[in-house]
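*Asks:* I am attaching a structure below and will ask some questions about it afterwards.
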Amino acid sequence: MVNLNHQPVHNDVHINGSITLSGKVILNDINLTIKAGQWTALLGPSGSGKSTLLRLIAGLDTVADFNGLITSSTQVSLSSCVSYMAQDDLLLDWANVIQNVCLGARLRGQGGDKTKAKRVIQQVGLSQHAQKRPQSLSGGQRQRVALARTLMEQKSIILLDEPFSALDARTRTDMQDLAAEQFKEQTVILVTHDPGEAVRLCQSIYLLQDCSVNSIAALSPPFPKSIDDKAMFALQSALMTQIRQS
Amino acid sequence: MKQNKLWYSGFICSLGALFGLIMVWQVVVLITDVPRFILPPPALVYKAFVENWQLIAEHGLVTFTEIILGLMIGILLGVATALQLEMSPTARLFLRPILVFSQAIPVFALAPVLTLWLGYGLISKVTMAVLIIYFPVTSAFFDGLRKTPPGLLDLATVMQATNLRTLFYLRIPAAMPSLLSGVRLAAVYAPIGATIGEWVGSSEGLGYLMLLANGRVKTDLMFAALVSLGALSMSLYGLVNVLIRQFLFKYENPSD
């Protein structure tokens, strides 16, 4: 395991406020703190406002209106310490794997560190594909490149917007393991609609339901849970029951 | 390898179609017994071509120069305008209506004016070609620039990219397929512009040669010039395609 000297990891993220979409309240007067250095799930159905929350933390435009404050516990501005991975791998078709991994540095005019890029590509198990273009990679491999690109950014807060949901079951589990391994020191906020994924990977789970955010008692570390973990299944079905009741 | 084979069979089919067309032409002449000064048979056109090839080549070179210059200047201007439109909202506000309005005037109608202003020489023909390809290139490239996948722009925001770098590393490459369609279209339009320019007023070029031959009822020579013009346009289109495939393929054919 190569040490990439991540930024110090101690900024909690506080979110206070309400989200409305054309006058309709999506999330009403929420108040939540996302703890530093662990995985937190924002779990909820489509339209529950989970992706909007993530985009707000990332500093991206949203269709919905947010009235409130998102702050970090340190003085550093949030937008300078986040990295973002979406369901779509967002790879550049015209660039090879290394160039894709170095995109951030290139966009900031810093000149990509090729040696570091190669190390990161090795970490996600794609060394043999470094010179290939994304079209010749499978869905799982493409998402690995996106993971490598995120790792390359060396940010302390990682925002994951359902990055595994388009993958097949096996690849999804592999990717979950890989991401959990690579991002074990960072603050990770995982947006998902899958209770199983939230339970398997996250130390804190927030359920976004009926315009409010409820904290769910999650399992204790280590993560990710083994795929045959009994407690994981129990919590998953309890969560599913709760989701279906609303 | 497979690609080569496909290309080769495509080439054979094109040759076959061309041969078929010539056969139809010959049959029409035989059946209708149309006078030679109305429609000369292919063999006569070929003879006229062989007898006058130097003359045709001379005039062809003039037309070719006009087309290439027009194509290069038109593409450059189109790309520059699209970038300007993309980067400046003010430019969008003022320039776009003018662009659309300029298309409402048929470019053909401008040819006499251009000849009047710019003379009988090269410049009026190049301008004609530029005018005719400027809009398709601008419009295609600008459309492409406006349609960058929103996810990529999100990524750029999170990565704290500067606007200029986002333009160069994301927006322009993402717009390349649109630009290249515009360029292909331009390669087809440019010869039209140059020829019209020559028809209206010139003393050289294939368009001029056609008018001259027509006026002297040398219909076979006119057809020889016409076929040469067609061959010139086709070669130009082929050349543009080869250049795109050679140097810009990665922006266009994701599967290659």
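How things are named: the first chain in the structure tokens is A, the next is B, and so on; residues count from 1 in each chain; ligands count from 1 in the order shown.
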Give me the residues near Lys132 of chain A as number ranges by chain, where near means some atom within 12 Å (using only C-alpha atoms) and where sequence neighbours in that chain fewer than 4 positions away do not count.

*Replies:* A: 92-100, 126-128, 136-138, 141-142, 145; B: 250, 254-256

*Asks:* Restrict the selected residues to N, CA and C atoms and save them as a JSON list (two decimals), in the first residue's frame.

*Replies:*
```
[["chain", "number", "residue", "atom", "x", "y", "z"],
["A", 92, "LEU", "N", -12.80, 10.99, -20.00],
["A", 92, "LEU", "CA", -12.67, 11.64, -21.31],
["A", 92, "LEU", "C", -12.37, 10.58, -22.36],
["A", 93, "ASP", "N", -13.24, 10.47, -23.34],
["A", 93, "ASP", "CA", -13.07, 9.45, -24.37],
["A", 93, "ASP", "C", -11.80, 9.64, -25.19],
["A", 94, "TRP", "N", -11.36, 10.89, -25.29],
["A", 94, "TRP", "CA", -10.23, 11.17, -26.18],
["A", 94, "TRP", "C", -8.88, 11.07, -25.46],
["A", 95, "ALA", "N", -8.91, 10.76, -24.17],
["A", 95, "ALA", "CA", -7.66, 10.70, -23.43],
["A", 95, "ALA", "C", -7.45, 9.27, -22.91],
["A", 96, "ASN", "N", -6.18, 8.88, -22.71],
["A", 96, "ASN", "CA", -5.94, 7.54, -22.18],
["A", 96, "ASN", "C", -6.09, 7.54, -20.65],
["A", 97, "VAL", "N", -5.87, 6.37, -20.05],
["A", 97, "VAL", "CA", -6.12, 6.21, -18.62],
["A", 97, "VAL", "C", -5.26, 7.19, -17.80],
["A", 98, "ILE", "N", -3.97, 7.26, -18.10],
["A", 98, "ILE", "CA", -3.08, 8.15, -17.34],
["A", 98, "ILE", "C", -3.54, 9.60, -17.45],
["A", 99, "GLN", "N", -3.86, 10.02, -18.68],
["A", 99, "GLN", "CA", -4.30, 11.41, -18.87],
["A", 99, "GLN", "C", -5.59, 11.67, -18.11],
["A", 100, "ASN", "N", -6.48, 10.68, -18.08],
["A", 100, "ASN", "CA", -7.71, 10.84, -17.33],
["A", 100, "ASN", "C", -7.44, 10.98, -15.83],
["A", 126, "LEU", "N", -4.89, -1.42, -12.37],
["A", 126, "LEU", "CA", -5.04, -1.21, -13.81],
["A", 126, "LEU", "C", -3.71, -0.93, -14.52],
["A", 127, "SER", "N", -2.61, -1.34, -13.91],
["A", 127, "SER", "CA", -1.30, -1.03, -14.48],
["A", 127, "SER", "C", -1.18, -1.41, -15.95],
["A", 128, "GLN", "N", -1.78, -2.55, -16.30],
["A", 128, "GLN", "CA", -1.63, -3.01, -17.68],
["A", 128, "GLN", "C", -2.46, -2.19, -18.66],
["A", 136, "SER", "N", -11.96, 0.97, -24.47],
["A", 136, "SER", "CA", -11.57, -0.44, -24.49],
["A", 136, "SER", "C", -11.62, -1.06, -23.09],
["A", 137, "LEU", "N", -12.16, -0.34, -22.12],
["A", 137, "LEU", "CA", -12.26, -0.88, -20.76],
["A", 137, "LEU", "C", -13.69, -1.28, -20.45],
["A", 138, "SER", "N", -13.84, -2.21, -19.49],
["A", 138, "SER", "CA", -15.18, -2.62, -19.07],
["A", 138, "SER", "C", -15.74, -1.58, -18.10],
["A", 141, "GLN", "N", -13.81, -1.51, -14.89],
["A", 141, "GLN", "CA", -12.48, -0.91, -15.05],
["A", 141, "GLN", "C", -12.58, 0.60, -15.19],
["A", 142, "ARG", "N", -13.59, 1.06, -15.92],
["A", 142, "ARG", "CA", -13.78, 2.51, -16.09],
["A", 142, "ARG", "C", -14.01, 3.16, -14.74],
["A", 145, "VAL", "N", -10.87, 3.59, -12.95],
["A", 145, "VAL", "CA", -10.11, 4.76, -13.41],
["A", 145, "VAL", "C", -10.65, 6.02, -12.72],
["B", 250, "LYS", "N", -8.97, 10.48, -32.59],
["B", 250, "LYS", "CA", -9.32, 10.14, -31.21],
["B", 250, "LYS", "C", -10.47, 11.00, -30.68],
["B", 254, "PRO", "N", -14.56, 7.09, -30.99],
["B", 254, "PRO", "CA", -14.20, 6.55, -29.69],
["B", 254, "PRO", "C", -13.82, 5.08, -29.76],
["B", 255, "SER", "N", -14.32, 4.38, -30.77],
["B", 255, "SER", "CA", -14.09, 2.93, -30.77],
["B", 255, "SER", "C", -12.75, 2.56, -31.41],
["B", 256, "ASP", "N", -12.11, 3.50, -32.09],
["B", 256, "ASP", "CA", -10.83, 3.18, -32.76],
["B", 256, "ASP", "C", -9.71, 2.93, -31.77]]
```

*Asks:* Skip Val25 of chain A itself and residues of its chain fewer than 3 positions away, then list as a list in words all residues within 10 Å of it, counting only C-alpha atoms.

*Replies:*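 Non-adjacent residues within range: Ser18, Ile19, Thr20, Leu21, Ser22, Asn28, Asp29, Gly49, Ala64, Asp65, Asp210 and Cys211 of chain A.
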
*Asks:* Mind dumping the selected residues with N, CA and C atoms as a PDB file, in the first residue's frame?

*Replies:*
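New file part.pdb:
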```pdb
ATOM      1  N   SER A  18     -32.845  24.207   4.884  1.00  0.00           N
ATOM      2  CA  SER A  18     -33.956  23.538   4.207  1.00  0.00           C
ATOM      3  C   SER A  18     -33.715  23.544   2.701  1.00  0.00           C
ATOM      4  N   ILE A  19     -34.240  22.524   2.052  1.00  0.00           N
ATOM      5  CA  ILE A  19     -34.155  22.458   0.592  1.00  0.00           C
ATOM      6  C   ILE A  19     -35.575  22.489   0.026  1.00  0.00           C
ATOM      7  N   THR A  20     -35.800  23.389  -0.917  1.00  0.00           N
ATOM      8  CA  THR A  20     -37.115  23.447  -1.575  1.00  0.00           C
ATOM      9  C   THR A  20     -36.931  23.361  -3.084  1.00  0.00           C
ATOM     10  N   LEU A  21     -37.923  22.767  -3.730  1.00  0.00           N
ATOM     11  CA  LEU A  21     -37.898  22.683  -5.185  1.00  0.00           C
ATOM     12  C   LEU A  21     -39.200  23.266  -5.713  1.00  0.00           C
ATOM     13  N   SER A  22     -39.121  24.350  -6.436  1.00  0.00           N
ATOM     14  CA  SER A  22     -40.264  25.158  -6.896  1.00  0.00           C
ATOM     15  C   SER A  22     -41.360  25.257  -5.819  1.00  0.00           C
ATOM     16  N   ASN A  28     -36.789  19.617   5.326  1.00  0.00           N
ATOM     17  CA  ASN A  28     -37.218  20.737   6.138  1.00  0.00           C
ATOM     18  C   ASN A  28     -36.340  20.903   7.378  1.00  0.00           C
ATOM     19  N   ASP A  29     -35.659  22.028   7.450  1.00  0.00           N
ATOM     20  CA  ASP A  29     -34.917  22.408   8.639  1.00  0.00           C
ATOM     21  C   ASP A  29     -34.032  21.277   9.181  1.00  0.00           C
ATOM     22  N   GLY A  49     -33.619  14.269  -1.946  1.00  0.00           N
ATOM     23  CA  GLY A  49     -32.724  15.406  -1.727  1.00  0.00           C
ATOM     24  C   GLY A  49     -31.302  15.007  -1.384  1.00  0.00           C
ATOM     25  N   ALA A  64     -32.687  22.537  -7.072  1.00  0.00           N
ATOM     26  CA  ALA A  64     -33.455  22.923  -5.884  1.00  0.00           C
ATOM     27  C   ALA A  64     -32.783  24.104  -5.176  1.00  0.00           C
ATOM     28  N   ASP A  65     -33.573  24.833  -4.373  1.00  0.00           N
ATOM     29  CA  ASP A  65     -33.022  25.954  -3.604  1.00  0.00           C
ATOM     30  C   ASP A  65     -32.638  25.496  -2.207  1.00  0.00           C
ATOM     31  N   ASP A 210     -39.445  11.564   4.183  1.00  0.00           N
ATOM     32  CA  ASP A 210     -40.530  12.457   4.623  1.00  0.00           C
ATOM     33  C   ASP A 210     -40.001  13.833   5.024  1.00  0.00           C
ATOM     34  N   CYS A 211     -39.208  14.431   4.205  1.00  0.00           N
ATOM     35  CA  CYS A 211     -38.686  15.789   4.401  1.00  0.00           C
ATOM     36  C   CYS A 211     -37.749  15.941   5.595  1.00  0.00           C
TER      37      CYS A 211
END
```

*Asks:* I'd like a table as a Markdown table: residues in chain B with an atom no more than 12 Å from chain A, each row giving the shortest atom pair and its distance in Å to one decimal, only C-alpha atoms counted, sorted by chain and rising residue number.

*Replies:*
```
| residue | atom | partner | partner_atom | distance |
| --- | --- | --- | --- | --- |
| B:Thr148 | CA | A:Leu92 | CA | 11.4 |
| B:Pro149 | CA | A:Leu90 | CA | 8.8 |
| B:Pro150 | CA | A:Leu90 | CA | 9.7 |
| B:Gly151 | CA | A:Leu90 | CA | 6.5 |
| B:Leu152 | CA | A:Leu90 | CA | 6.1 |
| B:Leu153 | CA | A:Leu60 | CA | 9.6 |
| B:Asp154 | CA | A:Leu60 | CA | 6.6 |
| B:Leu155 | CA | A:Tyr84 | CA | 7.1 |
| B:Ala156 | CA | A:Leu107 | CA | 7.1 |
| B:Thr157 | CA | A:Leu60 | CA | 7.1 |
| B:Val158 | CA | A:Ala58 | CA | 6.4 |
| B:Met159 | CA | A:Gly104 | CA | 5.5 |
| B:Gln160 | CA | A:Arg108 | CA | 6.6 |
| B:Ala161 | CA | A:Leu107 | CA | 4.8 |
| B:Thr162 | CA | A:Arg108 | CA | 6.4 |
| B:Asn163 | CA | A:Leu107 | CA | 9.0 |
| B:Leu164 | CA | A:Leu107 | CA | 9.0 |
| B:Arg165 | CA | A:Leu107 | CA | 5.5 |
| B:Thr166 | CA | A:Leu107 | CA | 6.4 |
| B:Leu167 | CA | A:Leu107 | CA | 9.6 |
| B:Phe168 | CA | A:Leu107 | CA | 9.0 |
| B:Tyr169 | CA | A:Leu107 | CA | 7.1 |
| B:Leu170 | CA | A:Leu92 | CA | 8.1 |
| B:Arg171 | CA | A:Leu92 | CA | 10.9 |
| B:Ile172 | CA | A:Trp94 | CA | 11.3 |
| B:Pro173 | CA | A:Trp94 | CA | 7.6 |
| B:Ala174 | CA | A:Leu92 | CA | 8.5 |
| B:Ala175 | CA | A:Trp94 | CA | 11.4 |
| B:Met176 | CA | A:Trp94 | CA | 10.1 |
| B:Pro177 | CA | A:Trp94 | CA | 11.0 |
| B:Leu248 | CA | A:Trp94 | CA | 9.6 |
| B:Phe249 | CA | A:Trp94 | CA | 8.9 |
| B:Lys250 | CA | A:Trp94 | CA | 5.2 |
| B:Tyr251 | CA | A:Trp94 | CA | 5.3 |
| B:Glu252 | CA | A:Trp94 | CA | 8.2 |
| B:Asn253 | CA | A:Trp94 | CA | 8.8 |
| B:Pro254 | CA | A:Asp93 | CA | 6.2 |
| B:Ser255 | CA | A:Gln135 | CA | 6.1 |
| B:Asp256 | CA | A:Gln135 | CA | 8.5 |
```

*Asks:* Residues within 9 Å of segment 229-244 of chain B, please, as a PDB file with C-alpha atoms, in the first residue's frame. Count only C-alpha atoms; anything in the same chain fewer than 5 positions from it doesn't count.

*Replies:*
```pdb
ATOM      1  CA  GLY B  60      -8.257  23.485 -62.272  1.00  0.00           C
ATOM      2  CA  THR B  63     -10.004  26.790 -58.800  1.00  0.00           C
ATOM      3  CA  PHE B  64      -8.153  24.473 -56.415  1.00  0.00           C
ATOM      4  CA  ILE B  68      -8.128  25.615 -50.417  1.00  0.00           C
ATOM      5  CA  LEU B 180     -15.423  18.056 -37.783  1.00  0.00           C
ATOM      6  CA  VAL B 183     -15.469  20.962 -41.659  1.00  0.00           C
ATOM      7  CA  ARG B 184     -16.659  18.052 -43.815  1.00  0.00           C
ATOM      8  CA  LEU B 185     -19.643  20.122 -44.884  1.00  0.00           C
ATOM      9  CA  ALA B 187     -15.174  20.799 -47.877  1.00  0.00           C
ATOM     10  CA  VAL B 188     -18.280  20.135 -49.969  1.00  0.00           C
ATOM     11  CA  ALA B 190     -16.198  25.492 -50.735  1.00  0.00           C
ATOM     12  CA  PRO B 191     -16.049  24.396 -54.411  1.00  0.00           C
ATOM     13  CA  THR B 195     -17.330  28.180 -58.919  1.00  0.00           C
ATOM     14  CA  LEU B 206     -12.909  25.753 -64.121  1.00  0.00           C
ATOM     15  CA  GLY B 207     -16.130  27.767 -63.720  1.00  0.00           C
ATOM     16  CA  ALA B 224     -14.948  17.591 -69.329  1.00  0.00           C
ATOM     17  CA  PHE B 249      -9.400  10.354 -34.981  1.00  0.00           C
ATOM     18  CA  GLU B 252     -14.182  11.428 -33.374  1.00  0.00           C
TER      19      GLU B 252
END
```

*Asks:* Looking only at helix (DSSP H, G or I) from DSSP on the backbone, list the matching residues of segment 28-235 of chain A as an NGL selection string.

*Replies:* :A and (50-58 or 78-80 or 97-101 or 103-107 or 114-123 or 127-129 or 134-136 or 139-152 or 169-182 or 195-201 or 230-235)

*Asks:* What is the distance between atom CA of Gly20 of chain B and atom CA of Phe223 of chain B, in Å to one decimal?

*Replies:*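 Atom-to-atom, atom CA of Gly20 of chain B and atom CA of Phe223 of chain B are spaced 17.7 Å apart.
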
*Asks:* Which is closer to Val188 of chain A than all the others in A:Thr173, A:Gln122, A:Ser204, A:Ser237, using only C-alpha atoms?

*Replies:*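 Going through A:Thr173, A:Gln122, A:Ser204, A:Ser237 one by one, the smallest distance to Val188 of chain A is for A:Ser204.
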
*Asks:* Env of Lys218 of chain B: 12 Å cut, atoms = only C-alpha atoms, seq-sep filter 5 positions within chain, self excluded. Answer as a VMD selection string.

*Replies:* chain B and resid 36 to 40 44 to 45 48 to 49 52 209 to 213 223 to 225

*Asks:* Please, could you write that set of residues out with N, CA and C atoms as an mmCIF file, in the first residue's frame?

*Replies:*
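Written out: out14.cif:
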```cif
data_model
loop_
_atom_site.group_PDB
_atom_site.id
_atom_site.type_symbol
_atom_site.label_atom_id
_atom_site.label_comp_id
_atom_site.auth_asym_id
_atom_site.auth_seq_id
_atom_site.Cartn_x
_atom_site.Cartn_y
_atom_site.Cartn_z
ATOM 1 N N ARG B 36 -25.230 16.314 -80.252
ATOM 2 C CA ARG B 36 -23.989 16.313 -79.455
ATOM 3 C C ARG B 36 -23.783 17.614 -78.686
ATOM 4 N N PHE B 37 -24.303 18.705 -79.232
ATOM 5 C CA PHE B 37 -24.074 19.972 -78.534
ATOM 6 C C PHE B 37 -25.030 20.145 -77.335
ATOM 7 N N ILE B 38 -26.020 19.219 -77.225
ATOM 8 C CA ILE B 38 -26.877 19.220 -76.029
ATOM 9 C C ILE B 38 -26.300 18.279 -74.975
ATOM 10 N N LEU B 39 -26.088 17.027 -75.378
ATOM 11 C CA LEU B 39 -25.484 16.056 -74.463
ATOM 12 C C LEU B 39 -24.510 15.175 -75.231
ATOM 13 N N PRO B 40 -23.223 15.463 -75.105
ATOM 14 C CA PRO B 40 -22.240 14.631 -75.813
ATOM 15 C C PRO B 40 -22.105 13.274 -75.127
ATOM 16 N N LEU B 44 -16.906 11.067 -76.159
ATOM 17 C CA LEU B 44 -16.535 12.364 -76.715
ATOM 18 C C LEU B 44 -15.989 13.291 -75.625
ATOM 19 N N VAL B 45 -16.620 13.206 -74.456
ATOM 20 C CA VAL B 45 -16.160 14.016 -73.319
ATOM 21 C C VAL B 45 -14.750 13.593 -72.931
ATOM 22 N N ALA B 48 -12.385 15.007 -75.399
ATOM 23 C CA ALA B 48 -12.172 16.437 -75.145
ATOM 24 C C ALA B 48 -11.221 16.630 -73.965
ATOM 25 N N PHE B 49 -11.367 15.749 -72.978
ATOM 26 C CA PHE B 49 -10.510 15.849 -71.803
ATOM 27 C C PHE B 49 -9.054 15.569 -72.177
ATOM 28 N N ASN B 52 -7.587 18.413 -74.178
ATOM 29 C CA ASN B 52 -7.460 19.711 -73.507
ATOM 30 C C ASN B 52 -6.957 19.609 -72.073
ATOM 31 N N LEU B 209 -13.954 28.354 -67.457
ATOM 32 C CA LEU B 209 -13.760 27.469 -68.603
ATOM 33 C C LEU B 209 -15.088 26.877 -69.070
ATOM 34 N N MET B 210 -15.927 26.505 -68.099
ATOM 35 C CA MET B 210 -17.231 25.941 -68.430
ATOM 36 C C MET B 210 -18.087 26.950 -69.199
ATOM 37 N N LEU B 211 -18.122 28.189 -68.688
ATOM 38 C CA LEU B 211 -18.910 29.230 -69.351
ATOM 39 C C LEU B 211 -18.381 29.481 -70.763
ATOM 40 N N LEU B 212 -17.064 29.550 -70.852
ATOM 41 C CA LEU B 212 -16.418 29.825 -72.136
ATOM 42 C C LEU B 212 -16.763 28.735 -73.155
ATOM 43 N N ALA B 213 -16.605 27.470 -72.724
ATOM 44 C CA ALA B 213 -16.874 26.339 -73.611
ATOM 45 C C ALA B 213 -18.346 26.315 -74.007
ATOM 46 N N PHE B 223 -18.428 19.656 -70.487
ATOM 47 C CA PHE B 223 -18.632 18.477 -69.642
ATOM 48 C C PHE B 223 -17.317 17.988 -69.051
ATOM 49 N N ALA B 224 -16.257 18.030 -69.828
ATOM 50 C CA ALA B 224 -14.948 17.591 -69.329
ATOM 51 C C ALA B 224 -14.539 18.444 -68.133
ATOM 52 N N ALA B 225 -14.777 19.770 -68.230
ATOM 53 C CA ALA B 225 -14.451 20.678 -67.124
ATOM 54 C C ALA B 225 -15.336 20.383 -65.917
#
```

*Asks:* Give me every strand (DSSP E or B) residue in segment 37-104 of chain A, going by DSSP on the backbone, as a ChimeraX atom specification.

*Replies:* /A:39-43,65-72,82-85

*Asks:* With C-alpha atoms retained, export the selected residues as a PDB file, in the first residue's frame.

*Replies:*
```pdb
ATOM      1  CA  TRP A  39     -17.830   6.797   5.924  1.00  0.00           C
ATOM      2  CA  THR A  40     -21.302   8.346   6.177  1.00  0.00           C
ATOM      3  CA  ALA A  41     -24.263   7.250   4.067  1.00  0.00           C
ATOM      4  CA  LEU A  42     -27.037   9.539   2.898  1.00  0.00           C
ATOM      5  CA  LEU A  43     -29.687   6.953   2.205  1.00  0.00           C
ATOM      6  CA  ASP A  65     -33.022  25.954  -3.604  1.00  0.00           C
ATOM      7  CA  PHE A  66     -31.064  25.651  -0.396  1.00  0.00           C
ATOM      8  CA  ASN A  67     -31.648  28.023   2.440  1.00  0.00           C
ATOM      9  CA  GLY A  68     -29.085  27.534   5.164  1.00  0.00           C
ATOM     10  CA  LEU A  69     -25.416  26.951   5.826  1.00  0.00           C
ATOM     11  CA  ILE A  70     -22.891  24.257   5.062  1.00  0.00           C
ATOM     12  CA  THR A  71     -19.717  24.689   7.081  1.00  0.00           C
ATOM     13  CA  SER A  72     -16.538  22.848   7.844  1.00  0.00           C
ATOM     14  CA  VAL A  82     -13.533  17.844  -1.703  1.00  0.00           C
ATOM     15  CA  SER A  83     -13.270  15.316  -4.468  1.00  0.00           C
ATOM     16  CA  TYR A  84     -16.259  13.952  -6.343  1.00  0.00           C
ATOM     17  CA  MET A  85     -17.202  10.679  -7.968  1.00  0.00           C
TER      18      MET A  85
END
```

*Asks:* Neighbours of Ile121 of chain A within 10 Å (only C-alpha atoms; same-chain residues fewer than 3 positions away dropped), as a ChimeraX atom specification?

*Replies:* /A:97-98,101,115-118,124-130,144-145,147-149,151-152

*Asks:* For Leu99 of chain B, please output as a ChimeraX atom specification all residues within 12 Å (counting only C-alpha atoms; exclusion window: fewer than 4 positions along the same chain).

*Replies:* /B:78,81-82,85,91-95,103-105,131,134-139
